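The structure under discussion appears below in the form of structure tokens.
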Protein chains: 2
Amino acid sequence: MSEKKNKNKKISLSEVATAAGVSKMTASRVLRGEGGYSESTRALVMQKVDELGYLPNRLATVFAGDKSSTFVGVSIPDLGNEVFAQVLEGIDRKLGLFGHQTVLGLTQHTQKAEEEWIKTVLSWQPAGLILTGRYHSARATEMLKAANVPIVEIWDLNSSPMDTSVGINHFDCGFDMGRYLVGCGYRELGYVGTSHDTANAAATRLDGFTRAVEGGNGHVSKQLCLHDTANYYTGYYGTEQLLAGTKSVECIFYQNDAMAFGGLQFVLSKGMSVPGDIGIAGWGDLPIASVLPKRMTSMHVPHLKLGQTAAEMMLARLSDEPVPVCKDIGFHLIPGTTVRRADN
Amino acid sequence: MSEKKNKNKKISLSEVATAAGVSKMTASRVLRGEGGYSESTRALVMQKVDELGYLPNRLATVFAGDKSSTFVGVSIPDLGNEVFAQVLEGIDRKLGLFGHQTVLGLTQHTQKAEEEWIKTVLSWQPAGLILTGRYHSARATEMLKAANVPIVEIWDLNSSPMDTSVGINHFDCGFDMGRYLVGCGYRELGYVGTSHDTANAAATRLDGFTRAVEGGNGHVSKQLCLHDTANYYTGYYGTEQLLAGTKSVECIFYQNDAMAFGGLQFVLSKGMSVPGDIGIAGWGDLPIASVLPKRMTSMHVPHLKLGQTAAEMMLARLSDEPVPVCKDIGFHLIPGTTVRRADN
DNA sequence: TAGCGTAAGGTTACGGGTAACGCAATTGCC
DNA sequence: GGCAATTGCGTTACCCGTAACCTTACGCTA
């Protein structure tokens, strides 16, 4: 705190060079190991680097070479959702192995926050961007195009992405769940989620779900909570509200597993039996599901792999390898024990 | 992909200036709004900025001003653990409000990975670093000192941090749980965790726990899994191994709630009743715990607040406001229903 | 109307590296 | 021994903004 401000200066390459009695350029060559110097010079420079504790300034490197950095911007809606945390982990681990750094951006599910973040992160000359979701504001899209950096859009499968895309088809995901539940004999279905916005993956799943249910002569009553986080509480209270409004619901599909657990707990607390009195189905297959006594009927998505694949696609783009425009990483249904068994 | 490479160039400030018929410097002044230009000039420059889609290059700004960037490096062990994801969310949200960007580093609980990451991230001239844990490699410590940037060490309370610190006292945390369980009448206790390393918070909790139990004439048998992730599976199998080794254990304390849920599920699957036949206690108080029928005996730590507080301390350091060297954000015990009730 | 202040803008010199090029000394080859 | 090729290093210019300083034109006052 009260130290003199004279020690603030970082050691620069020229200081190392001067100490070693060579030119900046020679020191630079040694540090990059690109040859053009003798062994004795190399040893001398490296010795001075050690002595002075020199740390290169990567900003200058990027700046000088007019090349892009090793940063990869990654936008994620929120980390309260375990699923996104896993995606992020997959991305960062893989990127880290190849010398890239993740610059995080939490968008809170809003395009406005995403746009703000994109603007800032682009000004740092990132090597590329990984964005969650396929819907971006007009200005964001414009900036992204102008920036001309590799982009991987994840989560929603996007057959005509800005650049490349990896994810799953959320419509199909919802549709498959709807068909499965109809196949189990349910006709009066409920949905509890949080999104009022139509421009997101959860809404797309709901579309698919509704289509399948109605195609099977069923009906879907919906309850969308105003809270913007899809968690245990919103699942609990959303279920309470749904059941207060419509008595006839036989089975409820939730936006995600966290909400489904909340809903499960609500109906159990009201003395209902699952799946005897009501069916419960989630989405995302939380890790905890695998150790609970009742296996949640859900949809498994390989989240960690999604992240890793996104990172791999980014790395391939960065090294100009061919990359598929769009990659489907798939999902599969977990029958579980929270809906009654299909009688097929 | 196959586009000509001529569009790759980004528009620079001088191009904007030339287009507007003014000097670079005037354009710079307009963009920073620091005055010294007429309204007509301002309008003209801004019009050109819009037309050309100019995005400033922050690298150059940092570079020119010889000031630090708006990056804050944040090291986190892993995101599989929900608890760390919440801490990160707290940090990034708060930092984002003040125009800072989070550069993520997942250290996988190893000092080597942390050191590697520190070296890289420092070369980007970050404004500051937030590090999880108080134990760093010697070389890392050296680099951090030389870099002379604000540092906030989180998670472990550290009365003599490198710079500043916020977290909880893990020894006390373990101790309080030990005392509580002894107070519940347990004497033969078990511990299941993953850390073989003594240099981390979980090991410190175990120390505190052991001290309290032995102080109450109890005894602790331990089972440390070789897996490095503390999750449901390691909890499940760790419990199986612990119980195979020592039949007499009355109650088990786990490294975290995820492992405790795994353990709970194991003992239930063996037909044991909880807390009738055996007690189960976790740590961290996972959000899901609040909606499950059986409330896990655990220790609540305000994770999101921890992250926010860390970010606040960083922001204060960056604006040279006074910051406490060390801040305890506390914890409290959740009695729960997975251990038998204290008879005091 | 000289003298001065101020608004509006231009000029120059960096900052920390790197690409491109220059050049002397050594080595290889016939 | 003469010439070219290579090795080992230095010089210069540049990347894109900004701080510091300089210039010009105009208005006001004594």
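To be explicit about the labels: the chains of the structure tokens are called A, B, and onward in the order shown, and within each one the residues are counted from 1, while ligands get numbers from 1 in the order they are shown.
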Identify all residues of region 11-79 of chain A in alpha helix (DSSP H) (DSSP on the backbone) and supply them as JSON, numbers by chain. {"A": [13, 14, 15, 16, 17, 18, 19, 20, 24, 25, 26, 27, 28, 29, 30, 31, 32, 39, 40, 41, 42, 43, 44, 45, 46, 47, 48, 49, 50, 51, 52, 58, 59, 60, 61, 62, 63, 64, 65]}
Chain D near chain A within 10 Å: what's each residue's closest atom pair and its distance in Å to one decimal, counting only C-alpha atoms (C1' of nucleotides), ordered by chain then ascending residue number, as CSV?
residue,atom,partner,partner_atom,distance
D:DT7,C1',A:Gly36,CA,7.1
D:DG8,C1',A:Tyr37,CA,5.3
D:DC9,C1',A:Thr26,CA,6.7
D:DG10,C1',A:Ser23,CA,6.7
D:DT11,C1',A:Met25,CA,9.7
D:DC14,C1',A:Ala64,CA,7.7
D:DC15,C1',A:Ala64,CA,4.8
D:DC16,C1',A:Phe63,CA,8.0
Kindly give the distance, in Å, that separates CA of Thr70 (chain A) and CA of Leu106 (chain B), rounded to a single decimal. 16.2 Å
Using only C-alpha atoms (C1' of nucleotides), which residues of chain C come within 12 Å of chain A, and what is the closest atom pair for each, with the distance in Å to one decimal? Give it as JSON lines, sorted by chain and residue number.
{"residue": "C:DG15", "atom": "C1'", "partner": "A:Ala60", "partner_atom": "CA", "distance": 8.5}
{"residue": "C:DG16", "atom": "C1'", "partner": "A:Ala60", "partner_atom": "CA", "distance": 5.1}
{"residue": "C:DG17", "atom": "C1'", "partner": "A:Ala60", "partner_atom": "CA", "distance": 5.1}
{"residue": "C:DT18", "atom": "C1'", "partner": "A:Ala64", "partner_atom": "CA", "distance": 5.8}
{"residue": "C:DA19", "atom": "C1'", "partner": "A:Gly65", "partner_atom": "CA", "distance": 8.0}
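Using only C-alpha atoms, the smallest distance between any of A:Ser165, A:Ser290, A:Ser319, A:Asn158 and chain B comes from A:Ser290.
We find CA of Asn169 (chain A) and CA of Gly128 (chain A) to be spaced 23.9 Å apart.
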Applying 12 Å and only C-alpha atoms (C1' of nucleotides), which residues near DA13 (chain C) remain after dropping the ones on its own chain fewer than 4 positions away? List them as number ranges by chain. B: 64; D: 18-21
DSSP-assigned strand (DSSP E) members of region 113-236 of chain A, reported as a short mmCIF file (atom, residue, chain, number, x, y, z; two decimals) with all heavy atoms, in the first residue's frame:
data_model
loop_
_atom_site.label_atom_id
_atom_site.label_comp_id
_atom_site.auth_asym_id
_atom_site.auth_seq_id
_atom_site.Cartn_x
_atom_site.Cartn_y
_atom_site.Cartn_z
N GLY A 128 -11.26 -15.69 -30.97
CA GLY A 128 -12.55 -16.18 -31.41
C GLY A 128 -13.58 -16.05 -30.30
O GLY A 128 -13.25 -15.68 -29.18
N LEU A 129 -14.81 -16.36 -30.62
CA LEU A 129 -15.88 -16.29 -29.63
C LEU A 129 -16.72 -17.56 -29.66
O LEU A 129 -17.00 -18.11 -30.72
CB LEU A 129 -16.82 -15.11 -29.93
CG LEU A 129 -16.25 -13.69 -29.85
CD1 LEU A 129 -17.36 -12.68 -30.14
CD2 LEU A 129 -15.62 -13.43 -28.50
N ILE A 130 -17.11 -18.01 -28.47
CA ILE A 130 -18.06 -19.10 -28.35
C ILE A 130 -19.30 -18.52 -27.67
O ILE A 130 -19.20 -17.99 -26.57
CB ILE A 130 -17.49 -20.26 -27.52
CG1 ILE A 130 -16.27 -20.87 -28.24
CG2 ILE A 130 -18.54 -21.33 -27.27
CD1 ILE A 130 -15.57 -21.98 -27.46
N LEU A 131 -20.42 -18.56 -28.37
CA LEU A 131 -21.63 -17.94 -27.85
C LEU A 131 -22.70 -18.98 -27.57
O LEU A 131 -22.93 -19.87 -28.39
CB LEU A 131 -22.17 -16.93 -28.87
CG LEU A 131 -21.19 -15.86 -29.36
CD1 LEU A 131 -21.83 -15.03 -30.47
CD2 LEU A 131 -20.76 -14.97 -28.19
N THR A 132 -23.36 -18.85 -26.45
CA THR A 132 -24.46 -19.75 -26.14
C THR A 132 -25.74 -19.19 -26.75
O THR A 132 -26.09 -18.04 -26.52
CB THR A 132 -24.63 -19.91 -24.63
OG1 THR A 132 -23.43 -20.40 -24.08
CG2 THR A 132 -25.76 -20.88 -24.31
N ILE A 151 -16.40 -17.89 -34.91
CA ILE A 151 -17.46 -17.93 -33.92
C ILE A 151 -18.03 -19.34 -33.86
O ILE A 151 -18.27 -19.95 -34.90
CB ILE A 151 -18.59 -16.95 -34.28
CG1 ILE A 151 -18.07 -15.51 -34.22
CG2 ILE A 151 -19.80 -17.12 -33.36
CD1 ILE A 151 -19.02 -14.49 -34.79
N VAL A 152 -18.21 -19.85 -32.66
CA VAL A 152 -18.91 -21.12 -32.50
C VAL A 152 -20.16 -20.84 -31.68
O VAL A 152 -20.07 -20.39 -30.54
CB VAL A 152 -18.04 -22.19 -31.81
CG1 VAL A 152 -18.83 -23.48 -31.65
CG2 VAL A 152 -16.76 -22.45 -32.60
N GLU A 153 -21.30 -21.08 -32.26
CA GLU A 153 -22.55 -20.92 -31.54
C GLU A 153 -22.93 -22.28 -30.97
O GLU A 153 -23.03 -23.26 -31.72
CB GLU A 153 -23.66 -20.40 -32.45
CG GLU A 153 -23.54 -18.92 -32.77
CD GLU A 153 -24.42 -18.53 -33.94
OE1 GLU A 153 -24.01 -18.80 -35.09
OE2 GLU A 153 -25.51 -17.98 -33.71
N ILE A 154 -23.14 -22.33 -29.67
CA ILE A 154 -23.44 -23.61 -29.06
C ILE A 154 -24.86 -23.63 -28.50
O ILE A 154 -25.55 -22.64 -28.50
CB ILE A 154 -22.45 -23.97 -27.93
CG1 ILE A 154 -22.54 -22.96 -26.80
CG2 ILE A 154 -21.04 -24.01 -28.48
CD1 ILE A 154 -21.71 -23.36 -25.58
N TRP A 155 -25.23 -24.81 -28.04
CA TRP A 155 -26.50 -25.04 -27.35
C TRP A 155 -27.61 -25.36 -28.34
O TRP A 155 -28.00 -26.50 -28.45
CB TRP A 155 -26.88 -23.82 -26.48
CG TRP A 155 -27.84 -24.16 -25.39
CD1 TRP A 155 -29.08 -23.60 -25.19
CD2 TRP A 155 -27.66 -25.12 -24.37
NE1 TRP A 155 -29.67 -24.16 -24.11
CE2 TRP A 155 -28.84 -25.10 -23.58
CE3 TRP A 155 -26.64 -26.03 -24.05
CZ2 TRP A 155 -29.00 -25.94 -22.48
CZ3 TRP A 155 -26.80 -26.86 -22.96
CH2 TRP A 155 -27.97 -26.81 -22.20
N ASP A 156 -28.12 -24.35 -29.03
CA ASP A 156 -29.12 -24.63 -30.06
C ASP A 156 -28.40 -25.09 -31.30
O ASP A 156 -27.42 -24.48 -31.71
CB ASP A 156 -29.85 -23.35 -30.50
CG ASP A 156 -30.65 -22.75 -29.39
OD1 ASP A 156 -30.20 -22.82 -28.24
OD2 ASP A 156 -31.71 -22.18 -29.68
N THR A 164 -19.86 -21.30 -37.26
CA THR A 164 -20.09 -22.73 -37.04
C THR A 164 -20.94 -22.90 -35.79
O THR A 164 -21.07 -21.98 -35.00
CB THR A 164 -18.77 -23.49 -36.84
OG1 THR A 164 -18.14 -22.99 -35.67
CG2 THR A 164 -17.84 -23.34 -38.02
N SER A 165 -21.45 -24.08 -35.60
CA SER A 165 -22.39 -24.30 -34.51
C SER A 165 -22.34 -25.74 -34.03
O SER A 165 -22.12 -26.68 -34.80
CB SER A 165 -23.80 -23.97 -35.01
OG SER A 165 -24.79 -24.49 -34.17
N VAL A 166 -22.53 -25.92 -32.73
CA VAL A 166 -22.63 -27.27 -32.18
C VAL A 166 -23.67 -27.27 -31.07
O VAL A 166 -23.75 -26.34 -30.28
CB VAL A 166 -21.27 -27.79 -31.67
CG1 VAL A 166 -20.64 -26.84 -30.67
CG2 VAL A 166 -21.41 -29.18 -31.05
N GLY A 167 -24.49 -28.29 -31.04
CA GLY A 167 -25.53 -28.34 -30.02
C GLY A 167 -26.50 -29.47 -30.29
O GLY A 167 -26.12 -30.48 -30.89
N ILE A 168 -27.68 -29.28 -29.83
CA ILE A 168 -28.70 -30.29 -30.07
C ILE A 168 -29.94 -29.61 -30.63
O ILE A 168 -30.10 -28.40 -30.53
CB ILE A 168 -29.09 -31.04 -28.78
CG1 ILE A 168 -29.72 -30.07 -27.77
CG2 ILE A 168 -27.91 -31.75 -28.17
CD1 ILE A 168 -30.39 -30.76 -26.62
N GLU A 188 -53.44 -35.32 -20.54
CA GLU A 188 -53.50 -33.97 -19.97
C GLU A 188 -52.14 -33.64 -19.37
O GLU A 188 -51.81 -34.09 -18.26
CB GLU A 188 -54.60 -33.90 -18.90
CG GLU A 188 -56.00 -33.84 -19.49
CD GLU A 188 -56.20 -32.65 -20.42
OE1 GLU A 188 -55.73 -31.54 -20.09
OE2 GLU A 188 -56.80 -32.85 -21.51
N LEU A 189 -51.36 -32.86 -20.12
CA LEU A 189 -50.00 -32.58 -19.66
C LEU A 189 -49.82 -31.14 -19.22
O LEU A 189 -50.55 -30.25 -19.66
CB LEU A 189 -49.02 -32.94 -20.77
CG LEU A 189 -48.97 -34.46 -20.95
CD1 LEU A 189 -49.18 -34.86 -22.40
CD2 LEU A 189 -47.67 -35.02 -20.40
N GLY A 190 -48.86 -30.96 -18.35
CA GLY A 190 -48.55 -29.60 -17.90
C GLY A 190 -47.10 -29.27 -18.21
O GLY A 190 -46.28 -30.18 -18.41
N TYR A 191 -46.82 -28.00 -18.31
CA TYR A 191 -45.43 -27.57 -18.51
C TYR A 191 -45.14 -26.45 -17.53
O TYR A 191 -45.94 -25.53 -17.37
CB TYR A 191 -45.22 -27.08 -19.94
CG TYR A 191 -43.84 -26.47 -20.17
CD1 TYR A 191 -42.74 -27.29 -20.43
CD2 TYR A 191 -43.64 -25.10 -20.10
CE1 TYR A 191 -41.48 -26.75 -20.63
CE2 TYR A 191 -42.38 -24.54 -20.29
CZ TYR A 191 -41.30 -25.38 -20.55
OH TYR A 191 -40.06 -24.83 -20.73
N VAL A 192 -44.01 -26.54 -16.86
CA VAL A 192 -43.59 -25.47 -15.97
C VAL A 192 -42.18 -25.02 -16.36
O VAL A 192 -41.26 -25.83 -16.43
CB VAL A 192 -43.60 -25.92 -14.49
CG1 VAL A 192 -43.09 -24.79 -13.58
CG2 VAL A 192 -45.01 -26.33 -14.07
N GLY A 193 -42.09 -23.75 -16.65
CA GLY A 193 -40.79 -23.19 -17.05
C GLY A 193 -40.72 -21.74 -16.65
O GLY A 193 -41.56 -21.25 -15.90
N HIS A 219 -53.21 -32.54 -24.57
CA HIS A 219 -53.32 -31.10 -24.37
C HIS A 219 -52.28 -30.64 -23.34
O HIS A 219 -52.00 -31.36 -22.39
CB HIS A 219 -54.74 -30.76 -23.88
CG HIS A 219 -54.88 -29.34 -23.47
ND1 HIS A 219 -54.95 -28.99 -22.13
CD2 HIS A 219 -54.91 -28.21 -24.19
CE1 HIS A 219 -55.05 -27.66 -22.07
NE2 HIS A 219 -55.03 -27.17 -23.29
N VAL A 220 -51.73 -29.44 -23.57
CA VAL A 220 -50.71 -28.94 -22.64
C VAL A 220 -51.15 -27.65 -21.97
O VAL A 220 -51.47 -26.67 -22.64
CB VAL A 220 -49.38 -28.65 -23.38
CG1 VAL A 220 -48.32 -28.14 -22.40
CG2 VAL A 220 -48.89 -29.88 -24.12
N SER A 221 -51.22 -27.67 -20.65
CA SER A 221 -51.46 -26.41 -19.93
C SER A 221 -50.13 -25.93 -19.39
O SER A 221 -49.32 -26.72 -18.90
CB SER A 221 -52.48 -26.60 -18.80
OG SER A 221 -52.28 -27.82 -18.16
N LYS A 222 -49.94 -24.63 -19.50
CA LYS A 222 -48.60 -24.08 -19.19
C LYS A 222 -48.61 -23.19 -17.97
O LYS A 222 -49.58 -22.52 -17.67
CB LYS A 222 -48.09 -23.27 -20.38
CG LYS A 222 -47.75 -24.15 -21.58
CD LYS A 222 -47.92 -23.41 -22.88
CE LYS A 222 -47.99 -24.42 -24.03
NZ LYS A 222 -48.71 -23.91 -25.18
N GLN A 223 -47.50 -23.18 -17.30
CA GLN A 223 -47.31 -22.26 -16.19
C GLN A 223 -45.89 -21.71 -16.29
O GLN A 223 -44.92 -22.44 -16.12
CB GLN A 223 -47.51 -22.96 -14.85
CG GLN A 223 -47.29 -22.05 -13.66
CD GLN A 223 -48.29 -20.89 -13.66
OE1 GLN A 223 -49.48 -21.10 -13.85
NE2 GLN A 223 -47.80 -19.69 -13.47
N LEU A 224 -45.79 -20.44 -16.63
CA LEU A 224 -44.46 -19.84 -16.76
C LEU A 224 -44.23 -18.87 -15.61
O LEU A 224 -44.99 -17.92 -15.43
CB LEU A 224 -44.35 -19.11 -18.10
CG LEU A 224 -44.54 -20.02 -19.32
CD1 LEU A 224 -44.62 -19.21 -20.59
CD2 LEU A 224 -43.41 -21.03 -19.41
#
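Nearest to chain A of all the residues B:Val325, B:Cys251, B:Ala311, B:Cys173 is B:Val325, counting only C-alpha atoms.
Minimum atom-to-atom distances from B:Ala202, B:Met314, B:Val121, B:Ile280 to chain A were compared using only C-alpha atoms, and the lowest value belongs to B:Val121.
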Could you give me, as a PyMOL selection string, the residues within 12 Å of Leu88 (chain B), counting only C-alpha atoms (C1' of nucleotides) and dropping anything in the same chain fewer than 3 positions from it? (chain A and resi 78-80+85+88-89+104-106) or (chain B and resi 72-79+81-85+91-96+102-106+130-132+154-155+303-311)
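Restricting the calculation to only C-alpha atoms, the smallest distance between Gly133 (chain B) and any of B:Met296, B:Met46, B:Ala230, B:Ala201 is found for B:Ala201.
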